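> Input file: run.txt. Contents: compact mmCIF, C-alpha atoms and all ligand atoms.
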# COMPACT_ATOMS: atom_id res chain seq x y z
CA MET D 1 -23.33 -113.28 32.28
CA ARG D 2 -25.96 -110.60 31.88
CA VAL D 3 -25.18 -107.82 34.34
CA LEU D 4 -27.06 -104.70 35.44
CA ILE D 5 -24.75 -101.81 36.37
CA THR D 6 -26.43 -98.81 37.98
CA GLY D 7 -24.55 -95.53 37.66
CA ALA D 8 -23.23 -96.83 34.35
CA ALA D 9 -22.69 -93.32 32.94
CA GLY D 10 -20.56 -92.31 35.91
CA PHE D 11 -16.81 -92.46 36.43
CA LEU D 12 -16.64 -95.94 37.95
CA GLY D 13 -19.83 -97.37 36.43
CA SER D 14 -18.60 -96.65 32.92
CA HIS D 15 -15.19 -98.21 33.53
CA LEU D 16 -16.88 -101.27 35.04
CA SER D 17 -19.18 -101.48 32.02
CA ASP D 18 -16.08 -101.51 29.80
CA ARG D 19 -14.52 -104.30 31.84
CA PHE D 20 -17.61 -106.53 31.72
CA ILE D 21 -18.06 -105.93 27.99
CA ASN D 22 -14.36 -106.70 27.39
CA GLU D 23 -14.71 -109.95 29.35
CA GLY D 24 -17.51 -111.04 27.00
CA HIS D 25 -20.49 -110.33 29.27
CA THR D 26 -23.69 -108.48 28.41
CA VAL D 27 -24.26 -105.19 30.25
CA VAL D 28 -27.46 -103.30 30.93
CA GLY D 29 -26.39 -99.83 32.06
CA MET D 30 -28.76 -97.66 34.08
CA ASP D 31 -28.32 -94.02 35.06
CA ASN D 32 -30.50 -90.93 35.58
CA LEU D 33 -27.59 -88.69 34.49
CA ILE D 34 -27.77 -86.23 37.40
CA THR D 35 -24.02 -86.52 37.85
CA GLY D 36 -23.21 -89.11 35.16
CA SER D 37 -22.62 -88.24 31.51
CA MET D 38 -23.42 -90.02 28.24
CA ASP D 39 -19.92 -89.00 27.10
CA ASN D 40 -18.55 -91.72 29.38
CA ILE D 41 -20.45 -94.49 27.56
CA ALA D 42 -20.80 -93.00 24.06
CA HIS D 43 -18.27 -95.55 22.81
CA LEU D 44 -20.45 -98.40 24.10
CA MET D 45 -23.69 -97.21 22.51
CA GLY D 46 -24.52 -99.46 19.60
CA HIS D 47 -22.43 -102.33 20.98
CA GLU D 48 -24.47 -105.50 20.57
CA ARG D 49 -23.90 -106.55 24.20
CA PHE D 50 -24.54 -103.13 25.77
CA SER D 51 -27.84 -101.39 26.36
CA PHE D 52 -28.65 -98.25 28.32
CA VAL D 53 -31.72 -97.26 30.31
CA ASN D 54 -32.18 -93.67 31.52
CA GLN D 55 -33.92 -94.36 34.80
CA ASP D 56 -33.74 -93.29 38.43
CA VAL D 57 -33.14 -96.42 40.51
CA SER D 58 -34.71 -94.69 43.52
CA ASN D 59 -38.05 -95.37 41.81
CA PHE D 60 -39.34 -98.84 40.97
CA ILE D 61 -37.15 -100.42 38.30
CA TYR D 62 -37.96 -103.16 35.88
CA VAL D 63 -35.49 -104.97 33.65
CA ALA D 64 -36.81 -107.58 31.21
CA GLY D 65 -35.04 -110.91 30.82
CA GLU D 66 -32.52 -112.75 32.93
CA LEU D 67 -29.89 -111.10 35.11
CA ASP D 68 -26.94 -112.93 36.66
CA ALA D 69 -25.54 -110.00 38.62
CA VAL D 70 -26.58 -106.54 39.79
CA LEU D 71 -23.87 -103.98 40.62
CA HIS D 72 -25.27 -100.93 42.39
CA PHE D 73 -22.87 -98.05 41.68
CA ALA D 74 -25.37 -95.22 41.24
CA SER D 75 -24.81 -92.29 43.62
CA PRO D 76 -23.57 -88.73 43.66
CA ALA D 77 -20.06 -89.24 45.01
CA SER D 78 -18.34 -85.93 45.67
CA PRO D 79 -18.86 -83.67 48.69
CA ASN D 80 -19.97 -80.92 46.26
CA ASP D 81 -22.62 -83.20 44.83
CA TYR D 82 -23.96 -84.21 48.23
CA LEU D 83 -24.42 -80.53 49.03
CA GLU D 84 -26.33 -79.99 45.81
CA TYR D 85 -28.28 -83.27 45.86
CA PRO D 86 -28.58 -84.38 49.50
CA ILE D 87 -32.01 -85.97 49.09
CA PRO D 88 -31.25 -87.88 45.84
CA THR D 89 -28.02 -89.04 47.54
CA MET D 90 -29.98 -90.44 50.48
CA LYS D 91 -32.61 -91.94 48.21
CA VAL D 92 -30.23 -93.74 45.86
CA GLY D 93 -28.28 -95.28 48.76
CA SER D 94 -31.44 -96.41 50.54
CA LEU D 95 -34.47 -96.71 48.20
CA GLY D 96 -32.18 -97.38 45.22
CA THR D 97 -30.46 -100.14 47.16
CA HIS D 98 -33.84 -101.58 48.14
CA ASN D 99 -35.10 -101.54 44.54
CA THR D 100 -31.96 -103.10 43.11
CA LEU D 101 -31.91 -105.75 45.86
CA GLY D 102 -35.54 -106.59 45.09
CA LEU D 103 -34.68 -106.90 41.41
CA ALA D 104 -31.69 -109.16 42.19
CA LYS D 105 -33.92 -111.34 44.37
CA VAL D 106 -36.57 -111.75 41.66
CA LYS D 107 -33.91 -112.58 39.06
CA GLY D 108 -31.87 -114.87 41.32
CA ALA D 109 -28.89 -112.60 40.61
CA ARG D 110 -25.77 -112.02 42.68
CA TYR D 111 -25.68 -108.50 44.16
CA LEU D 112 -22.69 -106.21 44.60
CA PHE D 113 -23.02 -102.96 46.54
CA ALA D 114 -20.64 -100.03 46.13
CA SER D 115 -20.03 -98.86 49.66
CA THR D 116 -17.40 -96.37 50.72
CA SER D 117 -14.56 -95.54 53.06
CA GLU D 118 -16.95 -92.80 54.24
CA ALA D 119 -18.59 -95.61 56.24
CA TYR D 120 -15.61 -95.05 58.60
CA GLY D 121 -16.36 -91.31 58.87
CA ASP D 122 -13.55 -89.34 60.54
CA PRO D 123 -11.72 -92.47 61.66
CA LEU D 124 -10.11 -92.83 65.07
CA VAL D 125 -8.19 -95.86 63.80
CA ASN D 126 -5.61 -95.62 61.00
CA PRO D 127 -5.38 -97.57 58.70
CA GLN D 128 -9.03 -98.71 58.68
CA PRO D 129 -9.75 -102.44 58.72
CA GLU D 130 -13.23 -103.71 57.77
CA THR D 131 -13.82 -104.57 61.42
CA TYR D 132 -13.70 -100.88 62.44
CA TRP D 133 -17.22 -99.49 62.99
CA GLY D 134 -16.38 -95.92 62.18
CA ASN D 135 -16.84 -92.45 63.64
CA VAL D 136 -19.66 -90.91 61.65
CA ASN D 137 -21.67 -87.73 62.30
CA PRO D 138 -25.26 -88.87 61.67
CA ASN D 139 -26.58 -85.39 60.82
CA GLY D 140 -23.71 -83.36 59.32
CA PRO D 141 -23.55 -82.23 55.69
CA ARG D 142 -21.80 -85.46 54.64
CA SER D 143 -24.27 -87.64 56.51
CA CYS D 144 -26.60 -87.95 53.50
CA TYR D 145 -23.88 -89.99 51.80
CA ASP D 146 -22.29 -91.72 54.80
CA GLU D 147 -25.51 -92.82 56.44
CA ALA D 148 -27.20 -93.85 53.18
CA LYS D 149 -24.23 -96.08 52.41
CA ARG D 150 -24.21 -97.47 55.95
CA PHE D 151 -27.95 -98.13 55.70
CA GLY D 152 -27.28 -99.72 52.30
CA GLU D 153 -24.73 -102.12 53.81
CA ALA D 154 -27.22 -103.08 56.53
CA LEU D 155 -29.99 -103.64 53.96
CA VAL D 156 -27.75 -105.73 51.71
CA LEU D 157 -26.84 -107.98 54.62
CA ALA D 158 -30.50 -108.16 55.72
CA TYR D 159 -31.33 -109.53 52.23
CA HIS D 160 -28.42 -111.91 52.55
CA ARG D 161 -29.55 -113.17 55.95
CA ALA D 162 -33.30 -113.17 55.37
CA HIS D 163 -33.45 -114.26 51.73
CA GLY D 164 -30.12 -115.99 51.22
CA LEU D 165 -29.22 -113.51 48.47
CA GLU D 166 -25.60 -113.78 47.36
CA THR D 167 -24.18 -110.39 48.26
CA ARG D 168 -20.86 -108.57 47.96
CA ILE D 169 -19.93 -105.22 49.53
CA VAL D 170 -16.94 -103.19 48.36
CA ARG D 171 -15.77 -100.28 50.50
CA ILE D 172 -14.19 -97.98 47.94
CA PHE D 173 -11.41 -95.60 49.00
CA ASN D 174 -10.49 -92.43 47.06
CA THR D 175 -10.28 -93.43 43.41
CA TYR D 176 -9.23 -91.25 40.48
CA GLY D 177 -8.68 -91.38 36.76
CA PRO D 178 -10.05 -90.41 33.36
CA ARG D 179 -13.82 -89.72 33.20
CA MET D 180 -13.95 -87.92 36.53
CA ARG D 181 -15.81 -84.67 36.01
CA LEU D 182 -13.47 -81.73 35.74
CA ASN D 183 -15.78 -79.71 37.99
CA ASP D 184 -16.88 -82.44 40.39
CA GLY D 185 -15.17 -80.63 43.25
CA ARG D 186 -13.02 -83.49 44.48
CA VAL D 187 -9.38 -82.93 45.13
CA VAL D 188 -7.96 -84.77 42.11
CA PRO D 189 -9.92 -82.95 39.37
CA ASN D 190 -9.74 -79.66 41.28
CA PHE D 191 -5.95 -79.67 41.63
CA ILE D 192 -5.31 -80.93 38.10
CA ALA D 193 -7.66 -78.36 36.55
CA GLN D 194 -6.14 -75.57 38.65
CA ALA D 195 -2.60 -76.62 37.76
CA LEU D 196 -3.38 -76.85 34.04
CA LYS D 197 -5.01 -73.41 34.06
CA GLY D 198 -2.11 -71.88 36.01
CA LYS D 199 -4.47 -71.01 38.88
CA PRO D 200 -3.56 -71.52 42.53
CA LEU D 201 -4.22 -74.97 43.98
CA THR D 202 -6.79 -74.62 46.76
CA VAL D 203 -5.72 -76.66 49.78
CA TYR D 204 -8.54 -76.77 52.34
CA GLY D 205 -7.30 -76.15 55.86
CA ASP D 206 -3.57 -76.63 56.42
CA GLY D 207 -3.35 -79.64 54.09
CA SER D 208 -2.24 -82.01 56.84
CA GLN D 209 -5.32 -84.22 56.35
CA THR D 210 -4.39 -87.43 54.55
CA ARG D 211 -5.88 -89.50 51.75
CA SER D 212 -4.75 -92.62 49.91
CA PHE D 213 -5.36 -92.49 46.17
CA GLN D 214 -6.05 -95.50 43.99
CA TYR D 215 -6.09 -95.56 40.21
CA TYR D 216 -9.40 -96.72 38.74
CA THR D 217 -7.95 -99.81 37.00
CA ASP D 218 -6.98 -101.23 40.40
CA LEU D 219 -10.50 -100.59 41.72
CA VAL D 220 -12.10 -102.26 38.69
CA GLU D 221 -9.88 -105.31 39.13
CA GLY D 222 -10.77 -105.53 42.83
CA VAL D 223 -14.51 -105.25 42.16
CA TYR D 224 -14.32 -107.86 39.40
CA ARG D 225 -12.52 -110.30 41.69
CA LEU D 226 -14.90 -109.60 44.56
CA LEU D 227 -17.98 -110.37 42.46
CA PHE D 228 -16.58 -113.80 41.61
CA SER D 229 -15.35 -114.48 45.15
CA ALA D 230 -17.34 -116.08 47.96
CA GLU D 231 -17.00 -113.14 50.40
CA ASP D 232 -20.34 -111.79 51.67
CA MET D 233 -18.96 -109.28 54.17
CA PRO D 234 -17.42 -105.89 53.27
CA VAL D 235 -13.97 -105.72 51.65
CA ASN D 236 -11.83 -102.57 51.44
CA ILE D 237 -10.48 -101.79 47.99
CA GLY D 238 -8.00 -98.94 48.00
CA ASN D 239 -4.35 -98.04 47.74
CA PRO D 240 -2.64 -97.94 51.15
CA THR D 241 -0.08 -95.30 50.09
CA GLU D 242 -1.17 -92.43 52.34
CA MET D 243 -0.16 -88.82 51.79
CA SER D 244 -1.10 -85.39 53.06
CA ILE D 245 -3.23 -83.20 50.82
CA LEU D 246 -0.39 -80.65 50.83
CA ASP D 247 2.05 -83.28 49.52
CA PHE D 248 -0.55 -84.27 46.95
CA ALA D 249 -0.76 -80.64 45.79
CA HIS D 250 3.02 -80.58 45.32
CA ALA D 251 2.84 -83.86 43.37
CA VAL D 252 0.23 -82.40 40.99
CA VAL D 253 2.26 -79.21 40.46
CA GLU D 254 5.31 -81.28 39.65
CA ILE D 255 3.65 -83.74 37.30
CA THR D 256 1.86 -81.03 35.33
CA GLY D 257 4.98 -78.83 35.18
CA SER D 258 2.71 -76.01 36.38
CA GLN D 259 3.78 -72.60 37.72
CA SER D 260 0.73 -72.54 40.03
CA ASP D 261 0.98 -71.47 43.65
CA ILE D 262 -0.54 -73.42 46.48
CA ILE D 263 -2.97 -71.48 48.67
CA PHE D 264 -4.64 -72.43 51.93
CA MET D 265 -8.39 -71.97 52.19
CA ASN D 266 -10.41 -71.94 55.34
CA PRO D 267 -13.93 -71.61 54.05
CA LYS D 268 -16.86 -71.95 56.37
CA ASP D 269 -19.23 -73.73 54.01
CA GLY D 270 -20.44 -77.26 54.62
CA ARG D 271 -18.00 -78.95 52.27
CA PHE D 272 -15.26 -79.10 54.87
CA THR D 273 -17.38 -79.85 57.89
CA ASP D 274 -16.46 -83.31 59.15
CA ASP D 275 -13.67 -83.61 56.56
CA PRO D 276 -11.87 -86.79 57.68
CA LYS D 277 -8.38 -86.05 59.05
CA VAL D 278 -6.91 -89.36 57.94
CA ARG D 279 -7.92 -92.09 55.55
CA ARG D 280 -6.00 -95.19 54.58
CA PRO D 281 -7.28 -98.67 53.80
CA ASP D 282 -6.08 -101.78 55.57
CA ILE D 283 -6.10 -104.17 52.60
CA SER D 284 -5.05 -107.37 54.40
CA LYS D 285 -8.49 -108.85 53.77
CA ALA D 286 -8.48 -108.05 50.02
CA ARG D 287 -5.01 -109.60 49.78
CA ARG D 288 -6.18 -112.71 51.63
CA VAL D 289 -9.61 -113.36 50.10
CA LEU D 290 -9.14 -111.88 46.61
CA GLY D 291 -5.39 -112.17 46.08
CA TRP D 292 -5.69 -108.49 45.15
CA GLU D 293 -3.44 -105.50 45.69
CA PRO D 294 -3.07 -102.23 43.80
CA LYS D 295 -0.53 -102.15 40.99
CA ILE D 296 -0.50 -98.56 39.72
CA GLU D 297 1.86 -96.00 41.24
CA LEU D 298 0.51 -92.49 41.84
CA ALA D 299 2.93 -90.94 39.32
CA ASP D 300 1.73 -93.25 36.53
CA GLY D 301 -1.96 -92.91 37.33
CA LEU D 302 -1.67 -89.14 37.64
CA ALA D 303 0.14 -88.89 34.30
CA GLN D 304 -2.77 -90.70 32.59
CA THR D 305 -5.32 -88.55 34.38
CA VAL D 306 -3.53 -85.30 33.56
CA ALA D 307 -3.41 -86.32 29.89
CA TYR D 308 -7.18 -86.86 29.96
CA PHE D 309 -7.88 -83.51 31.64
CA ARG D 310 -5.42 -81.63 29.41
CA SER D 311 -7.63 -82.34 26.41
CA ARG D 312 -10.64 -80.94 28.28
CA VAL D 313 -9.39 -77.85 30.12
N1 LIG D 401 -9.49 -80.79 49.16
C1 LIG D 401 -8.64 -79.70 49.05
N2 LIG D 401 -8.81 -78.85 47.99
C2 LIG D 401 -9.75 -79.04 47.02
C3 LIG D 401 -10.62 -80.15 47.14
C4 LIG D 401 -10.45 -81.00 48.23
O1 LIG D 401 -7.75 -79.48 49.87
O2 LIG D 401 -9.82 -78.21 46.10
C5 LIG D 401 -9.28 -81.71 50.29
C6 LIG D 401 -10.53 -82.02 51.10
O3 LIG D 401 -10.70 -81.06 52.12
C7 LIG D 401 -10.22 -83.40 51.62
C8 LIG D 401 -9.37 -84.04 50.54
O4 LIG D 401 -8.90 -82.96 49.75
O5 LIG D 401 -9.45 -83.32 52.80
C9 LIG D 401 -10.12 -85.01 49.65
O6 LIG D 401 -11.31 -84.40 49.27
P1 LIG D 401 -12.29 -85.02 48.18
O7 LIG D 401 -13.39 -84.04 47.99
O8 LIG D 401 -11.53 -85.44 46.99
O9 LIG D 401 -12.91 -86.35 48.79
P2 LIG D 401 -13.09 -87.01 50.25
O10 LIG D 401 -11.92 -87.90 50.39
O11 LIG D 401 -13.11 -85.92 51.30
O12 LIG D 401 -14.38 -87.72 50.15
What does the file become when written as structure tokens?

Amino acid sequence: MRVLITGAAGFLGSHLSDRFINEGHTVVGMDNLITGSMDNIAHLMGHERFSFVNQDVSNFIYVAGELDAVLHFASPASPNDYLEYPIPTMKVGSLGTHNTLGLAKVKGARYLFASTSEAYGDPLVNPQPETYWGNVNPNGPRSCYDEAKRFGEALVLAYHRAHGLETRIVRIFNTYGPRMRLNDGRVVPNFIAQALKGKPLTVYGDGSQTRSFQYYTDLVEGVYRLLFSAEDMPVNIGNPTEMSILDFAHAVVEITGSQSDIIFMNPKDGRFTDDPKVRRPDISKARRVLGWEPKIELADGLAQTVAYFRSRV
């Protein structure tokens, strides 16, 4: 297959590029590098089945030759990044989705959209099944991401219904691993960097809010299976092991062998507005339609991630 991956220089896009290359496919990677980095794909440059285009998918895109699949993974993806790039975040989830859908339609390609657990907002149902419609603030500081992704889902299914496009939608829950940016502001890189530097770990609020962390290899496997499945409607891919952010801070301190303290922050800036209180995927559907479930324990995934960050701190 010849596959276009947008966001190819990002954390997930680069790992997906690796997977498709390793499976013998040809990958066209696209990224405008506002949050992605060429470091993530440097090892692929020069590969005969990989090419890279520095382009913003929110503008008209053109790719010569055949395409069998389009995977739209381009987007700023951390609350810090949405604060810095709210308009590009909205544009890539809406206009970028429109452009990549149009391209997939012209090429007769299958289309896979990277959606998010943020589609559920601050959920009133825990765990979240795909049938839950969510509890989303349409105009808060996170709304540029949440609503763009929700609009994206609607647009993808409009192309499916109106044009018969073969579409796949993955709702990605918190995912971590090597190639996350050390300074991207999300909890995993923040805590690991703080622990490795011997600085206090900054727990926002009282740390009772929960998340469920999945290692990137599990996500890549789920996305790969979804693309080759027959499921047009959204599928959650995440690890259902839920923990409080405070417990997660303790886990990071332990695994790094750090002397760091844990401190509680109550900042007033927009990053914590609408911070979901709980988040945990119901993965019954992924189990049923993809035969998928996560394999990597937090301790193992964290050890790999800490090793990666250790060489960079
Ligand atoms: N968080 C924290 N300290 C940090 C960064 C994040 O306590 O230094 C919390 C944040 O408030 C949220 C959770 O960790 O409750 C996960 O945040 P992240 O930014 O990783 O992603 P989210 O799941 O909110 O999209």
> Which residues are near ligand LIG 401 (chain D) - at most 9 Å, using only C-alpha atoms and all ligand atoms? Format: as a VMD selection string.
chain D and resid 77 to 80 117 to 118 142 173 to 175 184 to 191 194 201 to 212 244 to 246 248 to 249 264 to 265 271 to 279
> I need every residue sitting at most 12 Å from the point (-8.1, -112.1, 52.6) (coordinates as in the file, only C-alpha atoms considered), written as a list in words.
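Counting only C-alpha atoms, I find these residues within 12 Å of (-8.1, -112.1, 52.6): Pro129, Glu130, Arg225, Leu226, Ser229, Ala230, Glu231, Met233, Pro234, Val235, Asn236, Ile237, Asp282, Ile283, Ser284, Lys285, Ala286, Arg287, Arg288, Val289, Leu290, Gly291, Trp292 and Glu293 of chain D.
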> Which is closest to D:Lys105 among D:Tyr85, D:Ser75, D:Leu124, D:His160, if we use only C-alpha atoms?
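Smallest separation from D:Lys105 among the options: D:His160.
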> May I ask for the distance between atom CA of D:Val170 and atom CA of D:Glu48, given in Å to one decimal place?
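According to the coordinates, atom CA of D:Val170 and atom CA of D:Glu48 are separated by 28.9 Å.
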> Which residue out of D:Ala8, D:Ala64, D:Val223, D:Ala303 has the minimum interatomic distance to D:Ala114 when only C-alpha atoms are used?
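Closest to D:Ala114 of all the choices is D:Val223.
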> Which residue gives the smallest distance to D:Gly65 among D:Val313, D:Glu221, D:Arg2, D:Gly36, with all atoms listed in the file counted?
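Looking only at the distances to D:Gly65, the closest residue turns out to be D:Arg2.
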> If you measure from atom CA of D:Arg150 to atom CA of D:Gly13, what distance in Å do you get, rounded to one decimal?
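Atom-to-atom, atom CA of D:Arg150 to atom CA of D:Gly13, that is 20.0 Å.
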> Quick one: distance from atom CA of D:Glu66 to atom CA of D:Val27 in Å, one decimal?
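Value for the atom CA of D:Glu66-atom CA of D:Val27 distance: 11.5 Å.
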> Name the closest residue to D:Thr217 among the candidates D:Leu44, D:Leu12, D:Met243, D:Ile169; distances are taken between atoms, counting all atoms listed in the file.
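The closest residue to D:Thr217 is D:Leu12.
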> Point out the residue among D:Leu71, D:Ala195, D:Ile41, D:Ile34 with the least atom-to-atom distance to D:Asp18, counting all atoms listed in the file.
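Closest candidate: D:Ile41.
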> Leaving out D:Pro178 and any residue of its chain fewer than 3 positions from it, which residues lie within 9 Å of it when counting only C-alpha atoms, given as JSON, numbers by chain?
{"D": [11, 181, 216, 304, 305, 306, 307, 308, 309]}
> Hey, which of D:Lys149, D:Lys91, D:His47, D:Arg168 ends up closest to D:Tyr111? Count all atoms listed in the file.
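When distances to D:Tyr111 are compared using all atoms listed in the file, the smallest one comes from D:Arg168.
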